[in-house]
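Q: What follows is a single structure, and I will ask about it in a moment.
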There are 2 protein chains.
Amino acid sequence: MSEAPEVELWFEFGSVYSYLAVMRIEREARKFNVSVRWKPFLLGAVFQAIGLKSNPITEHKEKRDYSLRDIARQCSKYGLQWVEPITFPRPGLLPLRVALAGADEPWIGKFCRAVMELNYGTHEDINDPERLSTLMESLDLPASSLLEQARDEKTKARLREQTELAYRKGLFGAPSILVGSELFWGNDRLEDALSYAVNPEKM
Amino acid sequence: MSEAPEVELWFEFGSVYSYLAVMRIEREARKFNVSVRWKPFLLGAVFQAIGLKSNPITEHKEKRDYSLRDIARQCSKYGLQWVEPITFPRPGLLPLRVALAGADEPWIGKFCRAVMELNYGTHEDINDPERLSTLMESLDLPASSLLEQARDEKTKARLREQTELAYRKGLFGAPSILVGSELFWGNDRLEDALSYAVNPEKM
């Protein structure tokens, strides 16, 4: 077993804290010599399955206000762009399906970062097929073929299956990082998860 | 204004994540040359005021299971003792009133750490007046006089007032760190709060 240890990043574009982890994970993982598997899933469906009536981040005014301030500060700390969304959280189903179709491709990290930057950094509509096509073309990706895959019923079904899997694995929020069956919740646990992947005995 | 910058630690003994911050804050604050003011408050009353029906940490099974695992890992990371509580969360009203009475005393940090270690490290009943007396005596504190103050109606009223103040300041969880009116929620934001206290422009 000489393979590099691996972590799974479970995320969704509508999740602001996923923004932080998506932007950071590949750079941080390289420091630990850990590889990343990208696992898009439908966070809202997991909330429903758990029995939550609303997004925990917006369930009351105090937490919503705080979260927006916290995210702004975290983006500043990590050197990330941040424009406060008009709709919060902001859904992104179409790019999530593209991410599922391309989850094992070498460009997946680059694609996810570009979608996140568009969503939270410059505040554009990531669900707009034309805007998403332009973005994919700018990354030298086969835009029309990927959009076709994203809209394929098989992809839609696979995203639902992956979401059910997230729930069965005990996920209840995003981003979540899985190292085997060990769950780390939130961008704040990214370094802990990578450290655990390298040396599980230490924790 | 040559005084050291200051942060307020809003906490309660029944909050497991407060355990982490209470144990760490004075050591971390020294690195930043920041002073700490201790602000005990009634977390459950704030949850009620916000309209939460249950403790967010135990509102569903998935999060409860995760939180216990997460706390165990965090304690391991910080080198803190951890015994999984039988009752979770575990209330601690009597020592909270002592903490309020002694909030500005030089021994407050030492007292709070000792109570937390008893609660989560060795799993003893921190609400038992005799056990609490023994603890205070071991710290060379005037146990009977402090218990008397803790039970005084004025102290009880002050704790309720401080709790109302927490709510008015926008707090919705514990630990919370306030730097002026800037709120940082959770042990995970301790270093950010201290950094902000020293240099608000950076964030």
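Numbering starts fresh at 1 for the residues of each chain in the structure tokens, the chains themselves are lettered A, B, ... in the order given, and ligands are numbered from 1 as they appear.
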Could you please tell me, as a list in words, which residues of chain B have an atom within 8 Å of chain A when using only C-alpha atoms?
A: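 The contacting residues on chain B are Ile50, Gly51, His60, Glu62, Lys63, Tyr66, Asp70, Arg73, Ser76, Lys77, Gly170, Leu171, Phe172, Leu183, Phe184, Asp188 and Met203 of chain B.
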Q: B:Asp140: which residues within 12 Å, counting only C-alpha atoms, same-chain residues fewer than 4 positions away excluded, as a ChimeraX atom specification?
A: /B:107,110-111,133-136,144,146
Q: Compile the contact shell of A:Tyr19 as a ChimeraX atom specification: residues with an atom at most 10 Å away, counting only C-alpha atoms, same-chain residues fewer than 6 positions apart removed.
A: /A:11-13,71,75,80,112-113,115-117,119-121,174-175,187
Q: Go ahead and save the picked residues with N, CA, C and O atoms, as an mmCIF file, in the first residue's frame.
A:
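So the final result, stored in again13.cif, reads:
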```cif
data_model
loop_
_atom_site.group_PDB
_atom_site.id
_atom_site.type_symbol
_atom_site.label_atom_id
_atom_site.label_comp_id
_atom_site.auth_asym_id
_atom_site.auth_seq_id
_atom_site.Cartn_x
_atom_site.Cartn_y
_atom_site.Cartn_z
ATOM 1 N N PHE A 11 -19.576 18.389 -0.895
ATOM 2 C CA PHE A 11 -19.829 19.832 -0.975
ATOM 3 C C PHE A 11 -21.027 20.108 -1.856
ATOM 4 O O PHE A 11 -21.517 19.226 -2.572
ATOM 5 N N GLU A 12 -21.475 21.354 -1.783
ATOM 6 C CA GLU A 12 -22.434 21.828 -2.782
ATOM 7 C C GLU A 12 -22.207 23.312 -3.021
ATOM 8 O O GLU A 12 -21.746 24.033 -2.127
ATOM 9 N N PHE A 13 -22.498 23.754 -4.233
ATOM 10 C CA PHE A 13 -22.174 25.140 -4.587
ATOM 11 C C PHE A 13 -23.014 26.147 -3.813
ATOM 12 O O PHE A 13 -22.588 27.275 -3.600
ATOM 13 N N ILE A 71 -18.393 34.786 7.283
ATOM 14 C CA ILE A 71 -17.896 34.407 5.960
ATOM 15 C C ILE A 71 -17.047 35.530 5.371
ATOM 16 O O ILE A 71 -15.977 35.281 4.787
ATOM 17 N N CYS A 75 -13.212 34.932 4.344
ATOM 18 C CA CYS A 75 -12.722 35.191 2.983
ATOM 19 C C CYS A 75 -11.542 36.149 3.023
ATOM 20 O O CYS A 75 -10.541 35.955 2.327
ATOM 21 N N LEU A 80 -9.789 35.443 -0.251
ATOM 22 C CA LEU A 80 -10.799 35.109 -1.258
ATOM 23 C C LEU A 80 -11.740 36.283 -1.483
ATOM 24 O O LEU A 80 -12.057 37.022 -0.557
ATOM 25 N N CYS A 112 -14.586 23.488 -10.093
ATOM 26 C CA CYS A 112 -15.345 23.835 -8.872
ATOM 27 C C CYS A 112 -14.920 25.197 -8.323
ATOM 28 O O CYS A 112 -15.758 25.980 -7.873
ATOM 29 N N ARG A 113 -13.631 25.468 -8.354
ATOM 30 C CA ARG A 113 -13.171 26.781 -7.878
ATOM 31 C C ARG A 113 -13.728 27.913 -8.743
ATOM 32 O O ARG A 113 -14.159 28.952 -8.235
ATOM 33 N N VAL A 115 -16.512 27.922 -10.498
ATOM 34 C CA VAL A 115 -17.953 28.089 -10.225
ATOM 35 C C VAL A 115 -18.143 28.847 -8.912
ATOM 36 O O VAL A 115 -18.962 29.766 -8.820
ATOM 37 N N MET A 116 -17.368 28.472 -7.902
ATOM 38 C CA MET A 116 -17.485 29.142 -6.607
ATOM 39 C C MET A 116 -17.119 30.628 -6.713
ATOM 40 O O MET A 116 -17.792 31.480 -6.121
ATOM 41 N N GLU A 117 -16.083 30.919 -7.457
ATOM 42 C CA GLU A 117 -15.686 32.331 -7.620
ATOM 43 C C GLU A 117 -16.784 33.131 -8.305
ATOM 44 O O GLU A 117 -17.039 34.283 -7.962
ATOM 45 N N ASN A 119 -19.963 32.424 -8.202
ATOM 46 C CA ASN A 119 -21.124 32.469 -7.312
ATOM 47 C C ASN A 119 -20.942 33.479 -6.178
ATOM 48 O O ASN A 119 -21.819 34.286 -5.896
ATOM 49 N N TYR A 120 -19.785 33.431 -5.535
ATOM 50 C CA TYR A 120 -19.597 34.242 -4.331
ATOM 51 C C TYR A 120 -18.614 35.394 -4.519
ATOM 52 O O TYR A 120 -18.625 36.339 -3.750
ATOM 53 N N GLY A 121 -17.753 35.272 -5.519
ATOM 54 C CA GLY A 121 -16.746 36.302 -5.701
ATOM 55 C C GLY A 121 -17.228 37.425 -6.607
ATOM 56 O O GLY A 121 -16.963 38.597 -6.341
ATOM 57 N N ALA A 174 -22.486 20.764 5.016
ATOM 58 C CA ALA A 174 -21.430 20.887 4.010
ATOM 59 C C ALA A 174 -20.618 22.148 4.287
ATOM 60 O O ALA A 174 -21.184 23.148 4.745
ATOM 61 N N PRO A 175 -19.312 22.117 4.028
ATOM 62 C CA PRO A 175 -18.584 20.963 3.501
ATOM 63 C C PRO A 175 -18.372 19.906 4.575
ATOM 64 O O PRO A 175 -18.297 20.225 5.760
ATOM 65 N N ASN A 187 -15.283 23.664 6.937
ATOM 66 C CA ASN A 187 -13.979 24.156 6.485
ATOM 67 C C ASN A 187 -12.984 24.234 7.642
ATOM 68 O O ASN A 187 -11.792 24.013 7.459
#
```
Q: Please run DSSP on the backbone and report, as a ChimeraX atom specification, all residues within stretch 4-190 of chain A that come out as strand (DSSP E).
A: /A:6-11,35-40,176-179,182-185
Q: Let's see if you can do this: from backbone DSSP, list all helix (DSSP H, G or I) residues in chain A, as a VMD selection string.
A: chain A and resid 16 to 32 43 to 50 56 to 58 61 to 78 93 to 101 108 to 121 129 to 138 143 to 151 153 to 168 187 to 198 200 to 202
Q: So which residues touch A:Asn127 within 12 Å, counting only C-alpha atoms, skipping near sequence neighbours fewer than 2 positions away, as JSON, numbers by chain?
A: {"A": [13, 14, 90, 91, 92, 93, 94, 95, 96, 97, 98, 115, 116, 118, 119, 123, 124, 125, 129, 130, 131, 132, 133, 135, 147, 150]}
Q: Between B:Arg24, B:Lys154, B:Arg168, B:Arg37, which has the minimum distance to B:Ala101 (counting only C-alpha atoms)?
A: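 The shortest atom-to-atom distance to B:Ala101 comes from B:Lys154.
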Q: Between atom CA of A:Ser54 and atom CA of B:Pro85, what is the distance, to one decimal in Å?
A: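 That distance, rounded to one decimal, is 29.1 Å.
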Q: Could you check the closest approach to B:Ser181 for each of B:Val198, B:Ile57, B:Leu100, B:Glu8 and tell me which residue wins, using only C-alpha atoms?
A: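 Of B:Val198, B:Ile57, B:Leu100, B:Glu8, the one nearest B:Ser181 is B:Glu8, counting only C-alpha atoms.
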Q: When you draw a straight line from atom CA of A:Leu42 to atom CA of A:Leu190, how long is it in Å?
A: 20.2 Å
Q: Figure out the distance between atom CA of A:Phe41 and atom CA of A:Arg160, please, to one decimal in Å.
A: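 A separation of 7.6 Å between them.
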